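Visitor: Structure file structure33.cif (mmCIF, C-alpha atoms and all ligand atoms) is given on the next line.
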```cif
data_query
loop_
_atom_site.label_atom_id
_atom_site.label_comp_id
_atom_site.auth_asym_id
_atom_site.auth_seq_id
_atom_site.Cartn_x
_atom_site.Cartn_y
_atom_site.Cartn_z
CA MET A 1 -14.56 3.74 -13.83
CA LYS A 2 -14.07 6.82 -15.97
CA ILE A 3 -12.00 9.72 -14.73
CA LEU A 4 -11.65 13.07 -16.46
CA VAL A 5 -8.36 14.84 -15.83
CA LEU A 6 -8.26 18.60 -16.40
CA ASN A 7 -5.20 20.79 -16.60
CA ALA A 8 -6.15 24.46 -16.88
CA GLY A 9 -3.51 26.99 -17.90
CA SER A 10 -3.94 30.74 -18.24
CA SER A 11 -5.36 30.46 -21.78
CA SER A 12 -5.64 26.70 -22.22
CA LEU A 13 -7.52 23.67 -20.95
CA LYS A 14 -6.04 20.21 -21.50
CA TYR A 15 -8.13 17.14 -20.82
CA GLN A 16 -7.91 13.36 -20.84
CA LEU A 17 -10.65 10.86 -20.12
CA PHE A 18 -9.30 7.62 -18.62
CA ASN A 19 -10.83 4.20 -18.42
CA MET A 20 -9.28 3.18 -15.12
CA GLU A 21 -10.02 -0.54 -15.36
CA ALA A 22 -8.07 -0.82 -18.60
CA GLY A 23 -5.59 1.95 -17.73
CA THR A 24 -6.27 3.51 -21.15
CA VAL A 25 -7.06 6.98 -22.46
CA LEU A 26 -10.47 7.10 -24.16
CA ALA A 27 -10.10 10.65 -25.48
CA LYS A 28 -7.93 13.66 -24.95
CA GLY A 29 -7.53 17.16 -26.22
CA THR A 30 -6.54 20.75 -25.75
CA CYS A 31 -8.50 23.98 -25.82
CA GLU A 32 -6.26 26.90 -26.63
CA ARG A 33 -6.48 30.68 -26.92
CA ILE A 34 -9.22 30.82 -24.30
CA GLY A 35 -10.24 34.45 -23.85
CA ALA A 36 -8.70 35.48 -27.17
CA GLY A 37 -10.52 33.45 -29.81
CA GLY A 38 -10.44 29.72 -29.27
CA THR A 39 -9.43 26.40 -30.80
CA ILE A 40 -9.99 22.81 -29.76
CA THR A 41 -8.04 19.76 -30.82
CA HIS A 42 -9.91 16.66 -29.71
CA LYS A 43 -8.74 13.11 -30.21
CA LYS A 44 -10.84 10.05 -29.62
CA SER A 45 -8.56 7.08 -29.15
CA GLY A 46 -8.01 5.36 -32.49
CA ASP A 47 -9.43 8.27 -34.54
CA GLU A 48 -7.73 11.11 -36.37
CA PRO A 49 -7.69 14.35 -34.34
CA PHE A 50 -10.69 16.62 -34.75
CA PHE A 51 -9.92 20.36 -34.86
CA GLU A 52 -12.28 23.29 -34.57
CA GLU A 53 -12.09 27.03 -34.20
CA ILE A 54 -14.75 28.13 -31.79
CA ASP A 55 -15.25 31.15 -29.57
CA LEU A 56 -14.02 30.26 -26.07
CA PRO A 57 -14.37 33.39 -23.94
CA THR A 58 -13.86 31.55 -20.63
CA HIS A 59 -12.67 28.24 -19.19
CA ALA A 60 -16.31 27.45 -18.34
CA VAL A 61 -17.31 27.72 -22.01
CA ALA A 62 -14.32 25.58 -22.98
CA LEU A 63 -15.38 22.88 -20.51
CA GLU A 64 -18.92 22.99 -21.83
CA ARG A 65 -17.63 22.26 -25.33
CA VAL A 66 -15.30 19.51 -24.07
CA LEU A 67 -18.21 17.78 -22.35
CA GLU A 68 -20.27 18.06 -25.54
CA LEU A 69 -17.46 16.48 -27.54
CA LEU A 70 -16.99 13.67 -25.04
CA ASP A 71 -20.60 12.51 -25.39
CA SER A 72 -21.20 13.53 -29.01
CA PRO A 73 -22.23 10.74 -31.42
CA GLU A 74 -19.41 11.56 -33.81
CA HIS A 75 -16.42 12.28 -31.59
CA GLY A 76 -17.63 11.01 -28.25
CA VAL A 77 -16.55 8.11 -26.10
CA ILE A 78 -19.37 8.07 -23.52
CA SER A 79 -23.11 8.05 -23.99
CA ASP A 80 -23.86 10.37 -21.11
CA ILE A 81 -21.89 12.96 -19.14
CA GLY A 82 -23.09 11.16 -16.01
CA ASP A 83 -20.70 8.34 -17.03
CA ILE A 84 -17.82 10.46 -15.77
CA ASP A 85 -17.26 9.10 -12.27
CA ALA A 86 -14.84 11.74 -11.03
CA VAL A 87 -12.72 14.68 -12.14
CA GLY A 88 -9.08 15.20 -11.23
CA HIS A 89 -7.62 18.69 -11.52
CA ARG A 90 -4.00 19.57 -11.90
CA VAL A 91 -3.43 22.48 -9.53
CA ALA A 92 0.04 23.97 -9.72
CA HIS A 93 0.14 25.40 -6.21
CA GLY A 94 -1.19 23.98 -2.97
CA GLY A 95 0.47 26.57 -0.73
CA GLU A 96 1.46 25.58 2.80
CA LYS A 97 -1.82 23.88 3.71
CA CYS A 98 -2.65 21.59 0.78
CA ARG A 99 0.20 19.19 1.40
CA GLU A 100 -1.39 16.21 -0.33
CA SER A 101 -3.82 15.54 -3.16
CA THR A 102 -7.25 16.21 -1.76
CA LYS A 103 -10.95 15.87 -2.46
CA ILE A 104 -12.31 19.29 -3.39
CA THR A 105 -14.69 20.95 -0.97
CA GLU A 106 -15.86 24.53 -0.55
CA SER A 107 -13.11 25.12 2.00
CA VAL A 108 -10.43 23.81 -0.38
CA ILE A 109 -11.67 26.25 -3.04
CA LYS A 110 -11.61 29.10 -0.51
CA TYR A 111 -8.06 28.22 0.48
CA LEU A 112 -6.95 28.09 -3.16
CA GLU A 113 -8.51 31.52 -3.67
CA SER A 114 -6.62 32.84 -0.66
CA ILE A 115 -3.24 31.83 -2.16
CA VAL A 116 -3.82 33.36 -5.60
CA PRO A 117 -1.39 36.20 -4.68
CA ILE A 118 1.48 33.67 -4.63
CA ASN A 119 0.12 31.78 -7.65
CA PRO A 120 -1.26 34.54 -9.87
CA LEU A 121 -0.82 32.82 -13.25
CA HIS A 122 -2.02 29.29 -12.57
CA GLY A 123 -4.38 29.71 -9.62
CA PRO A 124 -7.29 31.53 -11.29
CA PRO A 125 -7.67 29.15 -14.29
CA ALA A 126 -7.50 26.07 -12.03
CA ILE A 127 -10.18 27.53 -9.76
CA ALA A 128 -12.27 28.44 -12.81
CA GLY A 129 -12.03 24.82 -14.02
CA ILE A 130 -13.12 23.48 -10.65
CA LYS A 131 -16.09 25.87 -10.43
CA ALA A 132 -17.13 25.08 -13.99
CA CYS A 133 -17.23 21.36 -13.14
CA THR A 134 -19.26 22.04 -10.00
CA GLU A 135 -21.82 23.84 -12.15
CA GLN A 136 -21.83 21.64 -15.22
CA ILE A 137 -21.52 18.18 -13.68
CA PRO A 138 -22.88 18.79 -10.17
CA GLY A 139 -22.41 15.97 -7.72
CA THR A 140 -19.43 14.47 -9.55
CA PRO A 141 -16.58 14.21 -7.03
CA GLN A 142 -13.53 16.32 -7.78
CA VAL A 143 -9.96 15.91 -6.58
CA ALA A 144 -7.12 18.43 -6.70
CA VAL A 145 -3.60 17.16 -7.31
CA PHE A 146 -0.93 19.72 -6.56
CA ASP A 147 2.46 20.14 -8.21
CA THR A 148 3.78 21.31 -4.88
CA SER A 149 2.54 18.54 -2.60
CA PHE A 150 5.37 16.09 -3.38
CA TYR A 151 7.56 18.58 -1.54
CA SER A 152 5.61 18.75 1.68
CA ASP A 153 8.23 16.71 3.56
CA ILE A 154 11.19 18.86 2.59
CA GLU A 155 13.00 20.07 5.70
CA ASP A 156 12.95 23.72 6.66
CA PHE A 157 16.65 24.33 6.09
CA ARG A 158 16.05 23.38 2.45
CA TYR A 159 12.97 25.51 1.90
CA ILE A 160 13.63 28.65 3.93
CA TYR A 161 15.37 31.39 1.97
CA PRO A 162 18.07 33.27 3.86
CA ILE A 163 16.16 36.55 3.99
CA PRO A 164 14.39 38.00 7.07
CA TYR A 165 12.27 35.21 8.55
CA GLU A 166 9.16 37.37 8.70
CA PHE A 167 8.85 37.17 4.90
CA TYR A 168 8.29 33.45 5.31
CA GLU A 169 5.94 33.81 8.27
CA LYS A 170 3.88 36.72 6.99
CA ASP A 171 4.12 36.45 3.24
CA GLY A 172 4.65 32.76 2.54
CA ILE A 173 8.00 33.29 0.81
CA ARG A 174 9.69 29.87 0.73
CA ARG A 175 10.69 27.13 -1.68
CA TYR A 176 7.55 25.28 -2.76
CA GLY A 177 8.87 23.23 -5.68
CA PHE A 178 6.93 22.33 -8.84
CA HIS A 179 6.46 19.48 -11.34
CA GLY A 180 5.95 17.27 -8.27
CA THR A 181 3.40 15.02 -9.97
CA SER A 182 5.90 14.24 -12.72
CA HIS A 183 8.80 13.58 -10.32
CA ARG A 184 6.52 11.42 -8.15
CA TYR A 185 5.29 9.43 -11.14
CA VAL A 186 8.70 8.69 -12.68
CA SER A 187 10.23 7.73 -9.35
CA ARG A 188 7.42 5.19 -8.82
CA VAL A 189 7.84 3.76 -12.31
CA LEU A 190 11.60 3.56 -11.80
CA ALA A 191 11.29 1.58 -8.55
CA ASP A 192 8.85 -0.72 -10.29
CA ARG A 193 11.26 -1.26 -13.17
CA LEU A 194 14.21 -1.84 -10.87
CA GLY A 195 12.12 -4.28 -8.87
CA ARG A 196 13.20 -2.51 -5.68
CA PRO A 197 11.13 -0.75 -3.01
CA LEU A 198 10.97 3.00 -3.57
CA GLU A 199 11.53 3.35 0.18
CA GLU A 200 15.10 2.08 -0.21
CA LEU A 201 16.24 4.20 -3.14
CA ARG A 202 18.13 7.46 -3.58
CA ILE A 203 17.03 8.89 -6.91
CA ILE A 204 17.58 12.13 -8.82
CA THR A 205 14.79 12.87 -11.28
CA CYS A 206 15.50 15.38 -14.06
CA HIS A 207 12.31 16.78 -15.59
CA LEU A 208 13.75 18.62 -18.58
CA GLY A 209 11.23 20.34 -20.80
CA ASN A 210 10.41 23.89 -21.67
CA GLY A 211 10.24 24.29 -17.91
CA SER A 212 12.79 22.16 -16.09
CA SER A 213 13.31 20.98 -12.55
CA ILE A 214 15.47 18.49 -10.74
CA THR A 215 14.42 16.65 -7.60
CA ALA A 216 16.21 14.50 -5.06
CA VAL A 217 13.98 11.61 -3.97
CA GLU A 218 15.18 9.71 -0.93
CA ASN A 219 13.26 6.70 0.32
CA GLY A 220 10.21 7.68 -1.72
CA LYS A 221 10.10 11.29 -0.51
CA ALA A 222 11.32 14.42 -2.24
CA ILE A 223 13.98 15.93 -0.01
CA ASP A 224 15.10 18.80 -2.22
CA THR A 225 14.20 20.36 -5.55
CA SER A 226 15.52 23.03 -7.87
CA MET A 227 12.39 25.13 -8.39
CA GLY A 228 11.51 27.47 -5.59
CA PHE A 229 8.95 30.08 -4.64
CA THR A 230 8.00 30.04 -8.31
CA PRO A 231 8.96 27.83 -11.27
CA GLN A 232 11.58 30.45 -12.09
CA GLU A 233 14.34 29.08 -9.85
CA GLY A 234 16.79 26.35 -10.79
CA ILE A 235 18.45 25.47 -14.08
CA ILE A 236 18.20 27.45 -17.31
CA MET A 237 14.91 26.73 -19.14
CA GLY A 238 13.39 27.44 -22.56
CA THR A 239 12.64 31.10 -21.89
CA ARG A 240 13.19 31.34 -18.11
CA SER A 241 16.53 32.32 -16.65
CA GLY A 242 16.56 29.91 -13.72
CA SER A 243 18.67 31.03 -10.75
CA ILE A 244 20.72 34.19 -11.12
CA ASP A 245 22.28 36.60 -8.65
CA PRO A 246 19.24 38.55 -7.37
CA THR A 247 21.18 41.79 -7.55
CA VAL A 248 21.27 41.50 -11.35
CA VAL A 249 17.51 42.04 -11.22
CA THR A 250 17.54 45.15 -9.04
CA TYR A 251 20.59 46.55 -10.85
CA LEU A 252 18.88 46.20 -14.25
CA MET A 253 15.66 47.70 -12.96
CA LYS A 254 17.54 50.76 -11.74
CA LEU A 255 19.78 50.99 -14.80
CA LYS A 256 17.04 50.58 -17.41
CA GLY A 257 14.06 51.85 -15.46
CA TYR A 258 12.18 48.56 -15.86
CA THR A 259 8.94 48.07 -13.97
CA PRO A 260 8.51 44.80 -12.00
CA GLU A 261 6.24 43.55 -14.82
CA GLN A 262 8.82 44.31 -17.49
CA MET A 263 11.53 42.64 -15.46
CA GLU A 264 9.37 39.56 -14.90
CA ASP A 265 8.64 39.44 -18.60
CA ILE A 266 12.36 39.47 -19.37
CA LEU A 267 13.15 36.76 -16.82
CA ASN A 268 10.20 34.53 -17.78
CA LYS A 269 9.80 34.98 -21.49
CA LYS A 270 12.99 36.41 -22.95
CA SER A 271 15.73 34.66 -21.02
CA GLY A 272 16.90 31.06 -20.76
CA LEU A 273 17.91 29.16 -23.88
CA LEU A 274 16.17 31.77 -26.03
CA GLY A 275 17.84 34.72 -24.35
CA VAL A 276 21.35 33.28 -24.49
CA SER A 277 21.16 31.82 -27.99
CA GLY A 278 19.11 34.61 -29.54
CA ILE A 279 17.66 31.91 -31.79
CA SER A 280 15.15 29.66 -30.08
CA ASN A 281 13.86 28.19 -26.86
CA ASP A 282 13.63 24.79 -28.52
CA CYS A 283 16.40 22.38 -27.73
CA ARG A 284 16.06 20.67 -31.11
CA ASN A 285 16.75 23.90 -33.00
CA LEU A 286 19.67 24.74 -30.73
CA THR A 287 21.23 21.31 -31.15
CA GLU A 288 21.03 21.70 -34.91
CA ALA A 289 22.44 25.25 -34.80
CA ALA A 290 25.25 24.25 -32.45
CA GLU A 291 26.20 21.37 -34.73
CA LYS A 292 26.49 23.89 -37.56
CA GLY A 293 28.85 25.97 -35.46
CA ASP A 294 26.55 28.56 -33.86
CA LYS A 295 28.52 29.54 -30.75
CA ARG A 296 25.68 31.00 -28.71
CA ALA A 297 23.45 28.00 -29.36
CA GLY A 298 26.27 25.81 -28.06
CA LEU A 299 26.77 28.14 -25.11
CA ALA A 300 23.09 27.93 -24.14
CA LEU A 301 23.22 24.12 -24.21
CA ASN A 302 26.45 24.08 -22.18
CA ILE A 303 24.85 26.29 -19.53
CA MET A 304 22.02 23.79 -19.35
CA THR A 305 24.07 20.60 -19.14
CA ASN A 306 26.49 22.13 -16.65
CA GLY A 307 23.58 23.36 -14.53
CA ILE A 308 22.09 19.87 -14.46
CA LYS A 309 25.46 18.40 -13.43
CA ARG A 310 25.67 20.86 -10.55
CA TYR A 311 22.35 19.72 -9.16
CA ILE A 312 23.23 16.06 -9.60
CA GLY A 313 26.43 16.60 -7.66
CA ALA A 314 24.73 18.60 -4.96
CA TYR A 315 21.83 16.19 -4.49
CA THR A 316 24.13 13.18 -4.44
CA ALA A 317 25.99 14.87 -1.61
CA GLU A 318 22.74 15.63 0.21
CA MET A 319 21.65 11.99 -0.02
CA ASN A 320 25.09 10.55 0.74
CA GLY A 321 25.05 8.67 -2.56
CA LEU A 322 22.89 7.84 -5.51
CA ASP A 323 21.19 4.69 -6.77
CA ALA A 324 19.45 5.93 -9.90
CA LEU A 325 19.16 8.91 -12.23
CA VAL A 326 16.03 9.53 -14.31
CA PHE A 327 15.54 11.70 -17.39
CA THR A 328 12.03 12.73 -18.32
CA ALA A 329 9.90 15.32 -20.24
CA GLY A 330 10.49 16.68 -23.76
CA ILE A 331 14.26 17.14 -23.54
CA GLY A 332 14.96 14.37 -21.04
CA GLU A 333 13.01 11.83 -23.06
CA ASN A 334 14.24 12.81 -26.50
CA GLN A 335 17.53 14.71 -26.59
CA TYR A 336 20.26 12.11 -26.36
CA ASN A 337 22.94 14.78 -26.80
CA ILE A 338 21.84 16.48 -23.59
CA ARG A 339 21.79 13.20 -21.66
CA ARG A 340 25.24 12.34 -23.04
CA GLU A 341 26.74 15.66 -21.94
CA VAL A 342 25.12 15.54 -18.51
CA CYS A 343 26.40 12.03 -17.90
CA SER A 344 29.90 12.58 -19.28
CA ASN A 345 32.74 12.64 -16.75
CA MET A 346 30.49 11.45 -13.96
CA SER A 347 32.05 8.03 -13.47
CA TRP A 348 33.55 9.15 -10.16
CA LEU A 349 29.95 9.35 -9.02
CA GLY A 350 28.98 5.99 -10.47
CA ILE A 351 27.04 7.42 -13.42
CA GLU A 352 28.05 5.74 -16.67
CA ILE A 353 25.77 5.36 -19.64
CA ASP A 354 25.93 3.12 -22.66
CA GLU A 355 26.42 5.49 -25.61
CA ASP A 356 24.69 3.17 -28.00
CA LYS A 357 21.63 2.62 -25.80
CA ASN A 358 21.47 6.36 -25.14
CA GLU A 359 21.41 7.19 -28.83
CA ASN A 360 19.21 4.34 -29.98
CA PHE A 361 16.78 4.37 -27.07
CA LYS A 362 13.23 3.17 -27.49
CA ARG A 363 10.82 6.13 -27.44
CA GLY A 364 7.76 6.27 -25.28
CA VAL A 365 8.66 3.51 -22.82
CA PRO A 366 10.92 3.32 -19.76
CA PHE A 367 14.41 2.55 -21.03
CA ASP A 368 17.60 1.68 -19.17
CA ILE A 369 20.63 3.46 -20.67
CA SER A 370 23.15 2.49 -17.97
CA ALA A 371 26.48 1.06 -18.99
CA GLU A 372 26.98 -2.50 -17.92
CA GLY A 373 28.11 -2.66 -14.32
CA ALA A 374 27.45 1.05 -13.65
CA LYS A 375 26.89 1.69 -9.95
CA VAL A 376 24.11 4.21 -10.65
CA ARG A 377 21.26 3.06 -12.88
CA THR A 378 20.31 5.70 -15.46
CA TRP A 379 16.87 5.53 -17.05
CA ILE A 380 14.70 7.45 -19.48
CA ILE A 381 11.13 7.35 -18.17
CA PRO A 382 8.30 9.04 -20.10
CA THR A 383 6.34 11.16 -17.70
CA ASP A 384 2.56 10.89 -17.39
CA GLU A 385 1.28 13.50 -14.99
CA GLU A 386 -2.30 13.00 -16.16
CA TYR A 387 -2.29 9.31 -15.30
CA MET A 388 -0.81 10.06 -11.89
CA ILE A 389 -3.62 12.59 -11.34
CA ALA A 390 -6.17 9.98 -12.42
CA LEU A 391 -4.72 7.46 -9.95
CA ASP A 392 -4.89 9.96 -7.08
CA THR A 393 -8.43 10.88 -8.10
CA LYS A 394 -9.51 7.25 -8.07
CA ARG A 395 -7.95 6.82 -4.62
CA LEU A 396 -9.50 9.93 -3.07
CA ALA A 397 -12.79 10.71 -4.84
CA PHE A 398 -15.05 8.17 -3.16
P1 LIG B 401 8.10 19.78 -22.84
O1 LIG B 401 7.98 21.10 -22.16
O2 LIG B 401 8.22 18.64 -21.90
O3 LIG B 401 7.06 19.56 -23.90
O4 LIG B 401 9.52 19.81 -23.64
C1 LIG B 401 9.80 20.70 -24.68
C2 LIG B 401 11.29 20.61 -25.03
O5 LIG B 401 11.59 19.26 -25.41
C3 LIG B 401 11.73 21.50 -26.18
O6 LIG B 401 12.96 22.13 -25.84
C4 LIG B 401 12.00 20.53 -27.31
O7 LIG B 401 13.06 20.92 -28.11
C5 LIG B 401 12.40 19.26 -26.58
N1 LIG B 401 12.20 18.10 -27.44
C6 LIG B 401 13.16 17.43 -28.08
N2 LIG B 401 12.68 16.43 -28.80
C7 LIG B 401 11.37 16.45 -28.66
C8 LIG B 401 10.31 15.65 -29.19
N3 LIG B 401 10.52 14.64 -30.02
N4 LIG B 401 9.06 15.96 -28.81
C9 LIG B 401 8.83 16.98 -27.97
N5 LIG B 401 9.79 17.77 -27.43
C10 LIG B 401 11.05 17.51 -27.78
#
```
Starting from the coordinates I provided, produce the structure as structure tokens.
Guide:
Amino acid sequence: MKILVLNAGSSSLKYQLFNMEAGTVLAKGTCERIGAGGTITHKKSGDEPFFEEIDLPTHAVALERVLELLDSPEHGVISDIGDIDAVGHRVAHGGEKCRESTKITESVIKYLESIVPINPLHGPPAIAGIKACTEQIPGTPQVAVFDTSFYSDIEDFRYIYPIPYEFYEKDGIRRYGFHGTSHRYVSRVLADRLGRPLEELRIITCHLGNGSSITAVENGKAIDTSMGFTPQEGIIMGTRSGSIDPTVVTYLMKLKGYTPEQMEDILNKKSGLLGVSGISNDCRNLTEAAEKGDKRAGLALNIMTNGIKRYIGAYTAEMNGLDALVFTAGIGENQYNIRREVCSNMSWLGIEIDEDKNENFKRGVPFDISAEGAKVRTWIIPTDEEYMIALDTKRLAF
């Protein structure tokens, strides 16, 4: 069975074609600068990447080219587009109604269109990707996998914001949570590695990348998470502020005369690690700069590690204890200095890591960095949202 996984961003389209029997990726790639030029990097498994600059005015045109590449004699991996058995779409937001991964029907598309106001950046490209598939590979079943659906069991006192209740009822203002597919995937892999049922574990999963979120997973279900109404809430990120006193926003708007768009731009693109350090949003650059004595680079990293600690403490309290801690995504999987700082002085909580294992971890595979005898097991687990989407698609498409 071959499943195509699509992840459409505002100006990009990422894809992976899976062979589900073997659990392997046949080909993958990324279309970028959609609507403003266009490039494609396509990689057939085992081959060198193929790169082309090509006009990609819309996501539909990008998909057309991806399908051509997938069955082309030179770069292809299938002999006919009909060999694609199903398509899985990453959809960032499922709103209040799409609480689980779901087979795509007309009514699902209509619902997704109706929640574009609360998902203005990611909703339209995802819908465009779905519609393009309906047109270009008609009859192929499609499944939507939502970043938000892992959070559908969170209790109301954890998702309702303490503002007038009507904003929740009438306008859908609540915590939704994001990166759910990643948190769901790594918690499953962790349980598998520990050889214990997921339903018996209290886990905190730290997805630390350019966007970062932390989730408390109790007995296999997410019970709380750091991102909120949008992926802006929570810890400091590459260019996003994370949580700040909301009055800072209104105060600055009045003081500087910023429009809502300008303020959003500052909070989303000019804040976070970049805003504090003034150097970079990239943790690697900041680590290097901090080591050379750059104070603001060090400050940005300290804000991050302290923020992560806060969530770990809070979620351990919410779950009345902790069995395992997971680090994943670009920073979580690679930056041992961040893991070391987060896990330092946490022995009261049972978190103790082996410094040597943490520094000399094996990349690209699940890796246990716990100190011997530590009460809480600490693991690095590479995330694979696309594979999780492919698994859900296989389960729901037919
Ligand atoms: P992500 O959004 O998951 O791609 O993560 C991006 C972040 O991971 C950036 O802050 C990078 O500095 C950090 N990072 C550190 N080491 C690596 C690495 N080897 N590969 C990719 N990202 C890395």
Visitor: Using only C-alpha atoms, which residues sit within 8 Å of region 66-77 of chain A once same-chain residues fewer than 6 positions away are excluded, as a list in words?
Guide: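 Once the adjacent positions are removed, what remains is Leu26, Ala27, His42, Lys43, Lys44 and Phe50 of chain A.
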Visitor: Just C-alpha atoms for this one: save the residues we selected as a short mmCIF file (atom, residue, chain, number, x, y, z; two decimals), in the coordinates of the input.
Guide:
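For reference, result_37.cif as written:
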```
data_model
loop_
_atom_site.label_atom_id
_atom_site.label_comp_id
_atom_site.auth_asym_id
_atom_site.auth_seq_id
_atom_site.Cartn_x
_atom_site.Cartn_y
_atom_site.Cartn_z
CA LEU A 26 -10.47 7.10 -24.16
CA ALA A 27 -10.10 10.65 -25.48
CA HIS A 42 -9.91 16.66 -29.71
CA LYS A 43 -8.74 13.11 -30.21
CA LYS A 44 -10.84 10.05 -29.62
CA PHE A 50 -10.69 16.62 -34.75
#
```
Visitor: How would you report the residues lying within 12 Å of ligand LIG 401 (chain B), as a compact mmCIF listing (two decimals) with C-alpha atoms, keeping the file's coordinate frame, if you count all atoms listed in the file?
Guide:
```
# COMPACT_ATOMS: atom_id res chain seq x y z
CA HIS A 179 6.46 19.48 -11.34
CA SER A 182 5.90 14.24 -12.72
CA CYS A 206 15.50 15.38 -14.06
CA HIS A 207 12.31 16.78 -15.59
CA LEU A 208 13.75 18.62 -18.58
CA GLY A 209 11.23 20.34 -20.80
CA ASN A 210 10.41 23.89 -21.67
CA GLY A 211 10.24 24.29 -17.91
CA SER A 212 12.79 22.16 -16.09
CA SER A 213 13.31 20.98 -12.55
CA ILE A 236 18.20 27.45 -17.31
CA MET A 237 14.91 26.73 -19.14
CA GLY A 238 13.39 27.44 -22.56
CA THR A 239 12.64 31.10 -21.89
CA GLY A 272 16.90 31.06 -20.76
CA LEU A 273 17.91 29.16 -23.88
CA LEU A 274 16.17 31.77 -26.03
CA SER A 280 15.15 29.66 -30.08
CA ASN A 281 13.86 28.19 -26.86
CA ASP A 282 13.63 24.79 -28.52
CA CYS A 283 16.40 22.38 -27.73
CA ARG A 284 16.06 20.67 -31.11
CA ASN A 285 16.75 23.90 -33.00
CA LEU A 286 19.67 24.74 -30.73
CA THR A 287 21.23 21.31 -31.15
CA GLU A 288 21.03 21.70 -34.91
CA ALA A 300 23.09 27.93 -24.14
CA LEU A 301 23.22 24.12 -24.21
CA MET A 304 22.02 23.79 -19.35
CA PHE A 327 15.54 11.70 -17.39
CA THR A 328 12.03 12.73 -18.32
CA ALA A 329 9.90 15.32 -20.24
CA GLY A 330 10.49 16.68 -23.76
CA ILE A 331 14.26 17.14 -23.54
CA GLY A 332 14.96 14.37 -21.04
CA GLU A 333 13.01 11.83 -23.06
CA ASN A 334 14.24 12.81 -26.50
CA GLN A 335 17.53 14.71 -26.59
CA TYR A 336 20.26 12.11 -26.36
CA ASN A 337 22.94 14.78 -26.80
CA ILE A 338 21.84 16.48 -23.59
CA ARG A 339 21.79 13.20 -21.66
CA ARG A 363 10.82 6.13 -27.44
CA GLY A 364 7.76 6.27 -25.28
CA PRO A 382 8.30 9.04 -20.10
CA THR A 383 6.34 11.16 -17.70
CA ASP A 384 2.56 10.89 -17.39
CA GLU A 385 1.28 13.50 -14.99
```
Visitor: Tell me which of A:Lys295, A:Lys221, A:Lys97, A:His183 sits closest to Leu198 (chain A), counting only C-alpha atoms.
Guide: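 Nearest candidate to Leu198 (chain A) out of A:Lys295, A:Lys221, A:Lys97, A:His183: A:Lys221.
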Visitor: Find the residue from A:Lys375, A:Pro197, A:Ser241, A:Tyr387 that sits nearest to Thr181 (chain A); use all atoms listed in the file when measuring.
Guide: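 Among the listed residues, A:Tyr387 lies closest to Thr181 (chain A).
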Visitor: Ranking A:Ser277, A:Val248, A:Ala324, A:Tyr311 by minimum distance to Gly298 (chain A) and counting all atoms listed in the file, which one comes first?
Guide: A:Ser277
Visitor: May I ask which of the residues A:Asp265, A:Glu200, A:Asp85, A:Glu48 is the closest one to Gly29 (chain A), counting only C-alpha atoms?
Guide: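 Of the candidates, the smallest distance to Gly29 (chain A) is held by A:Glu48.
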Visitor: Figure out the distance between CA of Gly228 (chain A) and CA of Gly242 (chain A), please, to one decimal in Å.
Guide: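 Between CA of Gly242 (chain A) and CA of Gly228 (chain A) the gap works out to 9.9 Å.
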Visitor: Counting only C-alpha atoms, what is within 7 Å of Glu199 (chain A), bar same-chain residues fewer than 2 positions away, as number ranges by chain?
Guide: A: 197, 201, 219-220
Visitor: Can you sort out the box for region 200-216 of chain A, edges along x, y and z, all listed atoms in, 4 Å on every side, with centre and edge lengths in Å to one decimal, as lines of an AutoDock Vina configuration file?
Guide:
```
center_x = 14.2
center_y = 13.2
center_z = -10.9
size_x = 15.9
size_y = 30.2
size_z = 29.5
```
Visitor: Could you check which of A:Ser187, A:Glu106, A:Ala317, A:Ile163 is closest to Pro246 (chain A), using only C-alpha atoms?
Guide: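 Under the stated criterion, the closest residue is A:Ile163.
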Visitor: For a test of reading the model, state the distance in Å between CA of Lys14 (chain A) and CA of Thr393 (chain A), rounded to one decimal.
Guide: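 Spanning CA of Lys14 (chain A) to CA of Thr393 (chain A) is a straight-line distance of 16.5 Å.
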Visitor: Name the residues within 6 Å of (17.5, 29.9, -8.0), counting all atoms listed in the file in the file's coordinates, and put them as a VMD selection string.
Guide: chain A and resid 233 to 234 242 to 243
Visitor: Any idea what's packed within 8 Å of Thr30 (chain A), counting all atoms listed in the file, ignoring anything in its chain fewer than 3 positions away? Could you give it as a PyMOL selection string?
Guide: chain A and resi 12-15+40-42
Visitor: Measure the distance from CA of Val5 (chain A) to CA of Gly88 (chain A) in Å and round it to one decimal.
Guide: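 Computing the Euclidean distance for CA of Val5 (chain A) and CA of Gly88 (chain A) yields 4.7 Å.
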Visitor: Counting all atoms listed in the file, which residue out of A:Asp153, A:Gly177, A:Thr105, A:Pro49 sits closest to Lys131 (chain A)?
Guide: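 The shortest atom-to-atom distance to Lys131 (chain A) comes from A:Thr105.
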Visitor: Considering all atoms listed in the file, give me a table of residues in region 213-302 of chain A that are at most 9 Å from region 164-175 of chain A, with the closest atom pair and distance in Å for each, as a Markdown table.
Guide:
```
| residue | atom | partner | partner_atom | distance |
| --- | --- | --- | --- | --- |
| A:Thr225 | CA | A:Arg175 | CA | 8.6 |
| A:Ser226 | CA | A:Arg175 | CA | 8.9 |
| A:Met227 | CA | A:Arg175 | CA | 7.2 |
| A:Gly228 | CA | A:Arg175 | CA | 4.0 |
| A:Phe229 | CA | A:Arg175 | CA | 4.5 |
| A:Thr230 | CA | A:Arg175 | CA | 7.7 |
```
Visitor: As a VMD selection string, please: the residues near Val249 (chain A) (cut-off 12 Å, all atoms listed in the file, same-chain neighbours under 2 positions excluded).
Guide: chain A and resid 241 243 to 247 251 to 267
